[in-house]
>>> print(open('work.txt').read())   # compact mmCIF, C-alpha atoms
# COMPACT_ATOMS: atom_id res chain seq x y z
CA MET A 14 0.00 0.00 0.00
CA LYS A 15 1.22 3.49 -0.83
CA ASN A 16 0.12 6.86 0.53
CA ILE A 17 0.31 10.53 -0.27
CA LEU A 18 -0.78 13.53 1.75
CA TYR A 19 -3.58 15.65 0.33
CA LYS A 20 -4.35 18.72 2.47
CA ASN A 21 -2.51 16.98 5.29
CA THR A 22 -4.84 14.00 4.91
CA LYS A 23 -3.61 10.50 4.06
CA ILE A 24 -4.79 9.11 0.72
CA SER A 25 -4.03 5.43 0.14
CA TYR A 26 -3.54 3.89 -3.31
CA THR A 27 -2.04 0.94 -5.19
CA ASP A 28 -0.06 1.02 -8.44
CA SER A 29 0.34 -2.19 -10.48
CA GLY A 30 1.45 -3.16 -13.97
CA ALA A 31 2.76 -1.04 -16.82
CA GLY A 32 1.34 0.70 -19.86
CA PHE A 33 -1.54 3.13 -20.26
CA ALA A 34 -3.03 4.15 -16.88
CA ILE A 35 -6.43 2.97 -15.70
CA VAL A 36 -7.79 4.40 -12.44
CA LEU A 37 -10.38 2.35 -10.54
CA LEU A 38 -12.58 4.25 -8.08
CA HIS A 39 -14.78 2.37 -5.61
CA GLY A 40 -18.25 3.34 -4.46
CA PHE A 41 -19.86 4.31 -1.15
CA LEU A 42 -19.02 1.86 1.70
CA GLU A 43 -16.43 0.16 -0.54
CA ASN A 44 -12.66 0.51 -0.78
CA LYS A 45 -9.85 -0.25 -3.20
CA LYS A 46 -9.71 -3.92 -2.15
CA MET A 47 -12.93 -4.52 -4.14
CA TRP A 48 -10.88 -4.29 -7.35
CA GLN A 49 -8.28 -6.99 -6.62
CA GLU A 50 -9.48 -9.46 -9.27
CA TYR A 51 -9.72 -6.66 -11.81
CA VAL A 52 -6.23 -5.40 -10.93
CA ASP A 53 -4.83 -8.92 -11.46
CA PHE A 54 -6.64 -9.15 -14.79
CA PHE A 55 -5.92 -5.70 -16.23
CA SER A 56 -2.37 -5.17 -14.93
CA GLU A 57 -1.16 -7.71 -17.49
CA LYS A 58 -1.80 -5.07 -20.18
CA PHE A 59 -2.17 -1.76 -18.35
CA ARG A 60 -0.91 0.26 -15.42
CA VAL A 61 -3.73 0.00 -12.87
CA ILE A 62 -4.19 2.50 -10.05
CA THR A 63 -6.73 1.98 -7.26
CA ILE A 64 -7.44 4.77 -4.77
CA ASP A 65 -9.28 4.84 -1.46
CA LEU A 66 -11.59 7.84 -1.60
CA LEU A 67 -11.86 10.17 1.40
CA GLY A 68 -13.02 8.45 4.60
CA HIS A 69 -12.93 4.99 3.02
CA GLY A 70 -10.46 2.11 3.27
CA GLU A 71 -7.09 3.39 4.42
CA SER A 72 -7.67 7.01 3.42
CA ASP A 73 -8.48 9.46 6.19
CA SER A 74 -11.51 11.72 6.45
CA LEU A 75 -11.26 15.41 5.62
CA GLY A 76 -13.88 17.41 7.50
CA TYR A 77 -17.62 16.73 7.64
CA VAL A 78 -18.48 16.90 3.94
CA HIS A 79 -16.58 14.93 1.32
CA SER A 80 -17.70 16.63 -1.89
CA MET A 81 -17.19 14.88 -5.21
CA GLU A 82 -14.88 17.75 -6.21
CA GLU A 83 -12.73 17.27 -3.09
CA ASN A 84 -12.43 13.57 -3.90
CA ALA A 85 -11.59 14.38 -7.54
CA ASN A 86 -8.84 16.75 -6.39
CA ALA A 87 -7.41 14.00 -4.19
CA VAL A 88 -7.43 11.59 -7.16
CA HIS A 89 -5.68 14.23 -9.29
CA GLU A 90 -3.05 14.67 -6.56
CA VAL A 91 -2.29 10.92 -6.68
CA LEU A 92 -1.93 11.01 -10.48
CA GLU A 93 0.34 14.05 -10.31
CA HIS A 94 2.47 12.27 -7.71
CA LEU A 95 2.72 9.28 -10.09
CA LYS A 96 3.44 11.60 -13.04
CA ILE A 97 0.42 10.29 -14.96
CA GLU A 98 -0.80 12.92 -17.41
CA LYS A 99 -3.73 11.03 -18.95
CA ALA A 100 -5.80 8.12 -17.69
CA ILE A 101 -8.95 6.10 -18.20
CA ILE A 102 -11.18 6.58 -15.16
CA LEU A 103 -13.60 3.86 -14.06
CA GLY A 104 -15.91 4.68 -11.15
CA HIS A 105 -18.44 2.43 -9.45
CA SER A 106 -21.51 4.28 -8.14
CA MET A 107 -20.09 7.13 -5.98
CA GLY A 108 -16.76 6.54 -7.74
CA GLY A 109 -18.55 7.47 -10.96
CA TYR A 110 -19.69 10.76 -9.42
CA VAL A 111 -16.04 11.42 -8.54
CA GLY A 112 -14.97 10.42 -12.07
CA LEU A 113 -17.42 12.95 -13.54
CA ALA A 114 -16.16 15.69 -11.19
CA PHE A 115 -12.60 14.78 -12.23
CA ALA A 116 -13.53 15.00 -15.92
CA GLU A 117 -15.04 18.44 -15.40
CA LEU A 118 -12.13 19.77 -13.33
CA PHE A 119 -9.30 18.14 -15.30
CA PRO A 120 -10.55 17.51 -18.87
CA LYS A 121 -7.02 17.27 -20.27
CA ASN A 122 -6.18 14.41 -17.90
CA ILE A 123 -8.99 12.05 -18.91
CA GLN A 124 -8.84 9.67 -21.87
CA LYS A 125 -12.06 7.69 -21.35
CA LEU A 126 -14.68 7.37 -18.61
CA VAL A 127 -16.58 4.31 -17.38
CA LEU A 128 -19.67 4.92 -15.27
CA LEU A 129 -20.30 1.58 -13.58
CA ASN A 130 -23.77 1.52 -11.98
CA SER A 131 -23.53 5.28 -11.73
CA THR A 132 -25.18 8.44 -13.07
CA SER A 133 -24.40 11.99 -14.13
CA LYS A 134 -27.76 13.14 -12.74
CA GLU A 135 -27.93 14.95 -9.41
CA ASP A 136 -30.01 13.57 -6.53
CA SER A 137 -33.74 14.13 -6.79
CA ALA A 138 -35.48 15.90 -3.89
CA GLU A 139 -36.63 12.48 -2.64
CA LYS A 140 -33.12 11.04 -2.81
CA LYS A 141 -31.69 14.01 -0.92
CA LEU A 142 -34.27 13.39 1.78
CA ASN A 143 -33.24 9.71 1.87
CA ARG A 144 -29.58 10.71 2.29
CA THR A 145 -30.56 12.83 5.31
CA ARG A 146 -32.53 9.88 6.72
CA ALA A 147 -29.53 7.61 6.09
CA ILE A 148 -27.26 9.95 8.07
CA LYS A 149 -29.67 9.76 10.99
CA ALA A 150 -29.97 5.97 10.68
CA VAL A 151 -26.22 5.29 10.58
CA LYS A 152 -25.68 7.49 13.65
CA GLN A 153 -28.35 5.51 15.51
CA ASN A 154 -27.31 1.99 14.50
CA TYR A 155 -24.11 1.78 12.48
CA VAL A 156 -23.92 -2.02 12.04
CA SER A 157 -27.57 -2.42 11.10
CA PHE A 158 -27.40 0.44 8.57
CA VAL A 159 -24.26 -0.88 6.84
CA SER A 160 -25.46 -4.51 6.71
CA LEU A 161 -28.82 -3.57 5.24
CA ALA A 162 -27.31 -1.06 2.80
CA ILE A 163 -24.98 -3.69 1.30
CA ALA A 164 -27.59 -6.45 0.90
CA ASN A 165 -29.91 -3.98 -0.86
CA LEU A 166 -27.36 -3.31 -3.60
CA PHE A 167 -27.80 -6.75 -5.18
CA SER A 168 -30.75 -7.93 -7.26
CA GLU A 169 -33.11 -10.11 -5.22
CA LYS A 170 -32.23 -13.34 -7.04
CA ASN A 171 -28.52 -12.79 -6.32
CA ARG A 172 -28.92 -12.24 -2.58
CA ILE A 173 -28.94 -16.01 -2.06
CA ARG A 174 -26.68 -17.03 -4.95
CA LEU A 175 -23.97 -14.57 -3.92
CA ALA A 176 -24.41 -14.82 -0.13
CA ASP A 177 -20.68 -15.42 0.46
CA GLU A 178 -19.66 -12.49 -1.76
CA ILE A 179 -22.19 -10.24 -0.02
CA GLU A 180 -20.72 -11.20 3.34
CA LYS A 181 -17.22 -10.23 2.13
CA VAL A 182 -18.53 -6.85 0.93
CA LYS A 183 -20.18 -6.29 4.34
CA VAL A 184 -16.95 -7.09 6.19
CA GLN A 185 -15.12 -4.41 4.18
CA ALA A 186 -18.01 -1.93 4.48
CA LEU A 187 -18.00 -2.25 8.27
CA LYS A 188 -14.41 -0.96 8.26
CA THR A 189 -15.66 2.41 6.97
CA PRO A 190 -15.58 4.95 9.83
CA LEU A 191 -18.77 6.76 10.79
CA GLN A 192 -17.30 10.12 9.80
CA GLY A 193 -16.41 8.77 6.35
CA ILE A 194 -19.97 7.48 5.85
CA VAL A 195 -21.67 10.70 6.98
CA ALA A 196 -19.28 12.98 5.05
CA SER A 197 -19.82 10.94 1.86
CA LEU A 198 -23.62 10.99 2.23
CA GLU A 199 -23.44 14.77 2.66
CA GLY A 200 -21.16 15.03 -0.39
CA MET A 201 -23.40 12.91 -2.62
CA LYS A 202 -26.45 14.87 -1.49
CA ILE A 203 -25.01 18.19 -2.67
CA ARG A 204 -23.35 16.99 -5.86
CA LYS A 205 -24.21 18.90 -9.02
CA ASP A 206 -25.86 17.55 -12.14
CA ARG A 207 -23.28 16.72 -14.82
CA GLU A 208 -25.48 15.50 -17.67
CA ALA A 209 -24.25 18.42 -19.79
CA LEU A 210 -20.73 17.01 -19.58
CA LEU A 211 -21.86 13.79 -21.28
CA GLN A 212 -23.73 15.78 -23.94
CA LYS A 213 -20.47 17.43 -25.03
CA ASN A 214 -18.96 14.10 -26.16
CA LEU A 215 -15.49 15.27 -25.13
CA PHE A 216 -14.18 11.73 -24.56
CA PRO A 217 -15.49 8.15 -24.97
CA VAL A 218 -17.93 7.14 -22.23
CA LEU A 219 -19.17 3.66 -21.30
CA LEU A 220 -22.27 3.42 -19.13
CA VAL A 221 -22.83 0.05 -17.43
CA LEU A 222 -26.22 -0.48 -15.80
CA GLY A 223 -28.20 -3.21 -14.07
CA LYS A 224 -31.84 -3.46 -15.15
CA LYS A 225 -32.85 -4.54 -11.63
CA ASP A 226 -30.66 -2.00 -9.84
CA PRO A 227 -32.43 -1.18 -6.54
CA VAL A 228 -30.51 2.12 -6.28
CA LEU A 229 -30.63 3.61 -9.78
CA ASN A 230 -33.78 3.63 -11.88
CA TYR A 231 -32.81 1.95 -15.15
CA GLU A 232 -35.07 3.96 -17.50
CA GLU A 233 -34.02 7.26 -15.92
CA SER A 234 -30.37 6.28 -16.13
CA ILE A 235 -30.58 5.54 -19.85
CA SER A 236 -31.98 9.01 -20.59
CA GLN A 237 -28.70 10.70 -19.60
CA ILE A 238 -26.91 9.37 -22.70
CA GLU A 239 -29.62 10.10 -25.28
CA ASP A 240 -28.12 12.01 -28.24
CA THR A 241 -24.58 11.30 -27.06
CA THR A 242 -21.84 9.01 -28.38
CA ALA A 243 -21.72 7.10 -25.07
CA GLU A 244 -21.88 3.31 -25.20
CA LEU A 245 -24.43 1.43 -23.07
CA VAL A 246 -24.09 -2.05 -21.59
CA SER A 247 -27.05 -3.44 -19.64
CA PHE A 248 -27.12 -6.48 -17.37
CA GLU A 249 -30.18 -8.21 -15.94
CA ASP A 250 -29.00 -7.75 -12.36
CA GLY A 251 -28.46 -5.14 -9.64
CA HIS A 252 -26.11 -2.35 -8.56
CA MET A 253 -23.02 -4.55 -8.20
CA SER A 254 -22.18 -5.48 -11.80
CA HIS A 255 -18.51 -5.99 -10.90
CA ILE A 256 -19.62 -8.96 -8.74
CA GLU A 257 -22.95 -9.99 -10.26
CA ASN A 258 -21.64 -9.99 -13.85
CA LYS A 259 -17.91 -10.27 -13.25
CA GLU A 260 -16.64 -12.33 -16.20
CA GLU A 261 -18.77 -10.58 -18.84
CA LEU A 262 -17.78 -7.20 -17.42
CA LYS A 263 -14.05 -7.97 -17.61
CA THR A 264 -14.33 -8.70 -21.34
CA ILE A 265 -16.48 -5.62 -22.02
CA LEU A 266 -14.07 -3.35 -20.13
CA LEU A 267 -11.02 -4.82 -21.86
CA ASN A 268 -12.57 -4.05 -25.27
CA PHE A 269 -13.44 -0.50 -24.19
CA PHE A 270 -9.97 0.16 -22.72
CA GLU A 271 -8.25 -0.93 -25.92
>>> encode(input="work.txt", output="C-alpha cells")
Amino acid sequence: MKNILYKNTKISYTDSGAGFAIVLLHGFLENKKMWQEYVDFFSEKFRVITIDLLGHGESDSLGYVHSMEENANAVHEVLEHLKIEKAIILGHSMGGYVGLAFAELFPKNIQKLVLLNSTSKEDSAEKKLNRTRAIKAVKQNYVSFVSLAIANLFSEKNRIRLADEIEKVKVQALKTPLQGIVASLEGMKIRKDREALLQKNLFPVLLVLGKKDPVLNYEESISQIEDTTAELVSFEDGHMSHIENKEELKTILLNFFE
C-alpha cells in the first residue's frame, strides 16, 4: 500500500502493472480492495491505479463533507504524484460521481470514462431526503445500517446465490468509519448535475447499468446518454455489476480500454 498527503490527509492507493493508466474508483461503503481481481486481470496489459476515496479504506476523512470535487482533487493529486498525465477513469456508483467531477475539473487528464452503476444526474429531492434519513440511521445503529445497505445493492435473485460475496462486501463496508460514511452521504447529497458534460462528447464514455438495480432507476439512467456518443451495456441484475456480472464485465471493459 502506498500513501500521499492531500491537504494533510492520508490518501491510500495501489499502483500495479505497466502501460496506459487505468484508475479504478470504488463506491460508497467500498474501498480499493474490491478491485483486486480486476487489478490482477488488467495489470497484465495496463498500469492499474486503485485509490481509497476520502473516509474509506485506508484514506483518512477530511472534514464533515466529502464533496465529489474534493475527492476528484485527491485523485488528481495521486496522479500528479505518479506523473500520470492522462488516464482512463472507471468509477463504481459514488466513484462514478467522482470520475465525472474529475472529468469536469481536469478535462485534459482524462482519456475515457466508465460509469459503472452510476449516473451523471444529481439527486432528486426524494433522494436528498433519503440521504438525510440515512445519516440519521447510521448514527443511531451503524452495524444495522451498513449490513442492510450492502444487501440492498444486489438484485433479489442474487442475494442467495452470492451470499458469500455479499458477506465479504459487508466485512469491508464495516471498516468504513462513521465520519467517512456521513461525510460521503453529505457530499453525494449536494453533488451537481453533470449531464451536460456527457452531452459534449469530449471523450469516450461507457455506461454500465443493471436493469434490476435497486438504487438507480434503469429507465431514468438511460436518458442521460440520449443524443450522445456514449456506449451502453445493460445487465439483468443489480447495482453490483462488478460482482454480479464479473466475467462478462471484464471482457467488455477490456474491449473498451483498448
>>> residues_around(input="work.txt", residues="A:Ile235", least_positions_apart="3", cutoff="10 Å", atoms="all atoms listed in the file", output="list of chain:residue names")
A:Thr132, A:Leu220, A:Val221, A:Leu222, A:Asn230, A:Tyr231, A:Glu232, A:Ile238, A:Glu239, A:Leu245, A:Ser247
>>> residues_around(input="work.txt", residues="A:Leu126", least_positions_apart="5", cutoff="6 Å", atoms="only C-alpha atoms", output="count of residues only")
4
>>> residues_around(input="work.txt", residues="A:Ile97", least_positions_apart="5", cutoff="12 Å", atoms="all atoms listed in the file", output="NGL selection string")
:A and (28 or 31-36 or 60-62 or 88-92 or 121-124)
>>> closest_residue(input="work.txt", among="A:Gly200, A:Gly112, A:Gly223, A:Pro217", to="A:Gly76", atoms="all atoms listed in the file")
A:Gly200
>>> atom_distance(input="work.txt", atom1="atom CA of A:Ser106", atom2="atom CA of A:Phe41")
7.2 Å
>>> closest_residue(input="work.txt", among="A:Leu129, A:Phe54, A:Ala164, A:Lys99", to="A:Lys181", atoms="only C-alpha atoms")
A:Ala164
>>> residues_around(input="work.txt", residues="stretch 256-261 of chain A", least_positions_apart="6", cutoff="12 Å", atoms="only C-alpha atoms", output="number ranges by chain")
A: 47-51, 54, 105, 129-130, 166-179, 181-182, 221-223, 225-226, 246-250, 267-268
>>> atom_distance(input="work.txt", atom1="atom CA of A:Ile163", atom2="atom CA of A:Leu18")
29.7 Å
>>> closest_atom_pairs(input="work.txt", of="stretch 15-121 of chain A", to="stretch 133-156 of chain A", cutoff="12 Å", atoms="only C-alpha atoms", output="tab-separated table")
residue	atom	partner	partner_atom	distance
A:Leu42	CA	A:Tyr155	CA	11.9
A:Tyr77	CA	A:Ile148	CA	11.8
A:Val78	CA	A:Ile148	CA	11.9
A:Met81	CA	A:Glu135	CA	11.5
A:Gly104	CA	A:Ser133	CA	11.6
A:Ser106	CA	A:Ser133	CA	10.2
A:Met107	CA	A:Ser133	CA	10.4
A:Gly108	CA	A:Ser133	CA	11.4
A:Gly109	CA	A:Ser133	CA	8.0
A:Tyr110	CA	A:Ser133	CA	6.8
A:Val111	CA	A:Ser133	CA	10.1
A:Gly112	CA	A:Ser133	CA	9.8
A:Leu113	CA	A:Ser133	CA	7.1
A:Ala114	CA	A:Ser133	CA	9.5
A:Ala116	CA	A:Ser133	CA	11.4
A:Glu117	CA	A:Ser133	CA	11.4
>>> atom_distance(input="work.txt", atom1="atom CA of A:His79", atom2="atom CA of A:Phe270")
29.0 Å
>>> build_atoms(input="work.txt", residues="stretch 79-91 of chain A", atoms="N, CA and C atoms", output="mmCIF file, in the frame of the given file")
data_model
loop_
_atom_site.group_PDB
_atom_site.id
_atom_site.type_symbol
_atom_site.label_atom_id
_atom_site.label_comp_id
_atom_site.auth_asym_id
_atom_site.auth_seq_id
_atom_site.Cartn_x
_atom_site.Cartn_y
_atom_site.Cartn_z
ATOM 1 N N HIS A 79 -17.517 15.338 2.363
ATOM 2 C CA HIS A 79 -16.580 14.930 1.320
ATOM 3 C C HIS A 79 -17.257 15.147 -0.031
ATOM 4 N N SER A 80 -17.069 16.333 -0.597
ATOM 5 C CA SER A 80 -17.700 16.630 -1.890
ATOM 6 C C SER A 80 -17.033 15.804 -2.988
ATOM 7 N N MET A 81 -17.738 15.635 -4.084
ATOM 8 C CA MET A 81 -17.190 14.880 -5.210
ATOM 9 C C MET A 81 -15.969 15.615 -5.782
ATOM 10 N N GLU A 82 -16.012 16.936 -5.720
ATOM 11 C CA GLU A 82 -14.880 17.750 -6.210
ATOM 12 C C GLU A 82 -13.647 17.549 -5.327
ATOM 13 N N GLU A 83 -13.853 17.471 -4.018
ATOM 14 C CA GLU A 83 -12.730 17.270 -3.090
ATOM 15 C C GLU A 83 -12.093 15.901 -3.356
ATOM 16 N N ASN A 84 -12.939 14.894 -3.558
ATOM 17 C CA ASN A 84 -12.430 13.570 -3.900
ATOM 18 C C ASN A 84 -11.670 13.587 -5.226
ATOM 19 N N ALA A 85 -12.229 14.294 -6.217
ATOM 20 C CA ALA A 85 -11.590 14.380 -7.540
ATOM 21 C C ALA A 85 -10.221 15.057 -7.439
ATOM 22 N N ASN A 86 -10.122 16.077 -6.605
ATOM 23 C CA ASN A 86 -8.840 16.750 -6.390
ATOM 24 C C ASN A 86 -7.815 15.806 -5.754
ATOM 25 N N ALA A 87 -8.298 14.975 -4.833
ATOM 26 C CA ALA A 87 -7.410 14.000 -4.190
ATOM 27 C C ALA A 87 -6.906 12.976 -5.213
ATOM 28 N N VAL A 88 -7.803 12.528 -6.090
ATOM 29 C CA VAL A 88 -7.430 11.590 -7.160
ATOM 30 C C VAL A 88 -6.380 12.239 -8.067
ATOM 31 N N HIS A 89 -6.617 13.495 -8.427
ATOM 32 C CA HIS A 89 -5.680 14.230 -9.290
ATOM 33 C C HIS A 89 -4.306 14.343 -8.627
ATOM 34 N N GLU A 90 -4.311 14.553 -7.327
ATOM 35 C CA GLU A 90 -3.050 14.670 -6.560
ATOM 36 C C GLU A 90 -2.253 13.358 -6.650
ATOM 37 N N VAL A 91 -2.958 12.224 -6.560
ATOM 38 C CA VAL A 91 -2.290 10.920 -6.680
ATOM 39 C C VAL A 91 -1.675 10.778 -8.068
#
